[in-house]
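Enquirer: To start, I am sharing the structure in question, which I have written as structure tokens.
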Amino acid sequence: MMNNEFIHWCDARIAHCQAQQQRLAADQRGDEASFMQIRANVYGIFRTTCTALGGDMVKLADQLTTIPAAWAKSLEIAEAHGDEKKAHIERIKLETVQDICHYLSNLEAN
């Protein structure tokens, strides 16, 4: 089942991000550790969304457009106000969504 594969993939990505976060925090690289936690959170959001939708991959695909729309708007506002840290955070979220979309498109192709 595609949705089970997606859940397992998200779990693996979350575990990877959390391990990286711990390593970065141990190296006194707090900002980078925080950014890695943001990535883990985004994977978690879509893992939870998939579960809440009962594994409906069509509805999940809709959410992969709807949810990031707010992040794109926030990025636009941050850039307009010269808030580089906020803009960077929003870019991380959007990059993570692109990673999820890429994974799902490859999953569908197989």
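Here, A, B, ... name the chains of the structure tokens in the order displayed, residue numbers run from 1 inside each chain, and ligands are numbered from 1 in the same displayed order.
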What's around Ala87 (chain A) at 10 Å? Count only C-alpha atoms, leave out sequence neighbours fewer than 2 positions away in its own chain, and write the answer as JSON, numbers by chain.

Expert: {"A": [71, 72, 74, 75, 76, 77, 78, 79, 80, 81, 82, 83, 84, 85, 89, 90, 91, 92, 93]}

Enquirer: Quick one: write out the picked residues with C-alpha atoms as a CSV table (one decimal), in the first residue's frame?

Expert:
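Generated file (out-v9.csv):
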```
chain,number,residue,atom,x,y,z
A,71,TRP,CA,4.3,29.2,4.2
A,72,ALA,CA,4.8,30.7,0.7
A,74,SER,CA,4.8,34.0,4.9
A,75,LEU,CA,8.0,33.8,2.9
A,76,GLU,CA,6.9,36.6,0.6
A,77,ILE,CA,6.1,38.8,3.6
A,78,ALA,CA,9.4,38.0,5.4
A,79,GLU,CA,11.3,38.9,2.2
A,80,ALA,CA,9.4,42.1,1.8
A,81,HIS,CA,10.4,43.1,5.3
A,82,GLY,CA,14.0,41.9,5.1
A,83,ASP,CA,13.5,39.2,7.8
A,84,GLU,CA,16.1,36.8,6.6
A,85,LYS,CA,15.8,34.3,9.5
A,89,ILE,CA,12.6,29.1,7.9
A,90,GLU,CA,9.9,29.3,5.4
A,91,ARG,CA,12.3,28.2,2.6
A,92,ILE,CA,13.2,25.1,4.7
A,93,LYS,CA,9.5,24.2,5.1
```

Enquirer: Please compute the CA of Asn3 (chain A)-CA of Gln98 (chain A) distance, one decimal, in Å.

Expert: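 Separation of CA of Asn3 (chain A) and CA of Gln98 (chain A): 17.6 Å.
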
Enquirer: Taking a cut-off of 12 Å and counting only C-alpha atoms, can you build a table that, for each residue of region 62-102 of chain A near region 43-49 of chain A, reports the nearest atom pair and how far apart they are in Å (one decimal), sorted by chain then residue number, as a tab-separated table?

Expert:
```
residue	atom	partner	partner_atom	distance
A:Asp62	CA	A:Thr49	CA	10.8
A:Gln63	CA	A:Thr49	CA	8.0
A:Leu64	CA	A:Phe46	CA	7.9
A:Thr65	CA	A:Phe46	CA	11.4
A:Thr66	CA	A:Phe46	CA	11.6
A:Ile67	CA	A:Phe46	CA	9.4
A:Pro68	CA	A:Phe46	CA	10.8
A:Ile92	CA	A:Tyr43	CA	11.5
A:Lys93	CA	A:Tyr43	CA	9.3
A:Leu94	CA	A:Tyr43	CA	11.2
A:Glu95	CA	A:Tyr43	CA	11.1
A:Thr96	CA	A:Tyr43	CA	7.4
A:Val97	CA	A:Tyr43	CA	8.0
A:Gln98	CA	A:Tyr43	CA	11.0
A:Asp99	CA	A:Tyr43	CA	9.5
A:Ile100	CA	A:Tyr43	CA	7.8
A:Cys101	CA	A:Phe46	CA	10.7
```

Enquirer: Near region 13-15 of chain A, counting only C-alpha atoms, which residues have an atom at most 8 Å away, once you skip same-chain residues fewer than 4 positions from it, shown as JSON, numbers by chain?

Expert: {"A": [9, 19, 39, 40, 41, 43, 44]}

Enquirer: Write the residues of the selection above to a file with N, CA and C atoms, as a compact mmCIF listing (two decimals), in the first residue's frame.

Expert:
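After the write, part06.txt holds the following:
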```txt
# COMPACT_ATOMS: atom_id res chain seq x y z
N TRP A 9 8.34 6.01 5.24
CA TRP A 9 9.34 6.95 4.72
C TRP A 9 9.40 8.20 5.60
N ALA A 19 18.17 12.85 14.50
CA ALA A 19 19.56 12.46 14.76
C ALA A 19 20.51 13.59 14.37
N ARG A 39 12.51 20.77 9.74
CA ARG A 39 12.32 19.74 8.70
C ARG A 39 11.56 18.54 9.28
N ALA A 40 11.99 18.08 10.44
CA ALA A 40 11.32 16.94 11.08
C ALA A 40 9.85 17.26 11.32
N ASN A 41 9.57 18.48 11.75
CA ASN A 41 8.18 18.88 12.00
C ASN A 41 7.33 18.84 10.73
N TYR A 43 7.85 16.94 8.02
CA TYR A 43 7.58 15.53 7.72
C TYR A 43 6.48 15.00 8.65
N GLY A 44 6.53 15.40 9.91
CA GLY A 44 5.52 14.97 10.87
C GLY A 44 4.13 15.49 10.54
```

Enquirer: Counting only C-alpha atoms, figure out which residue out of A:His102, A:Arg23, A:His88, A:Lys73 gets nearest to Ile38 (chain A).

Expert: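 For Ile38 (chain A), the nearest of the candidates is A:His88.
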
Enquirer: Any idea what the distance is between CA of Gln37 (chain A) and CA of Gln21 (chain A)?

Expert: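 A separation of 6.3 Å between them.
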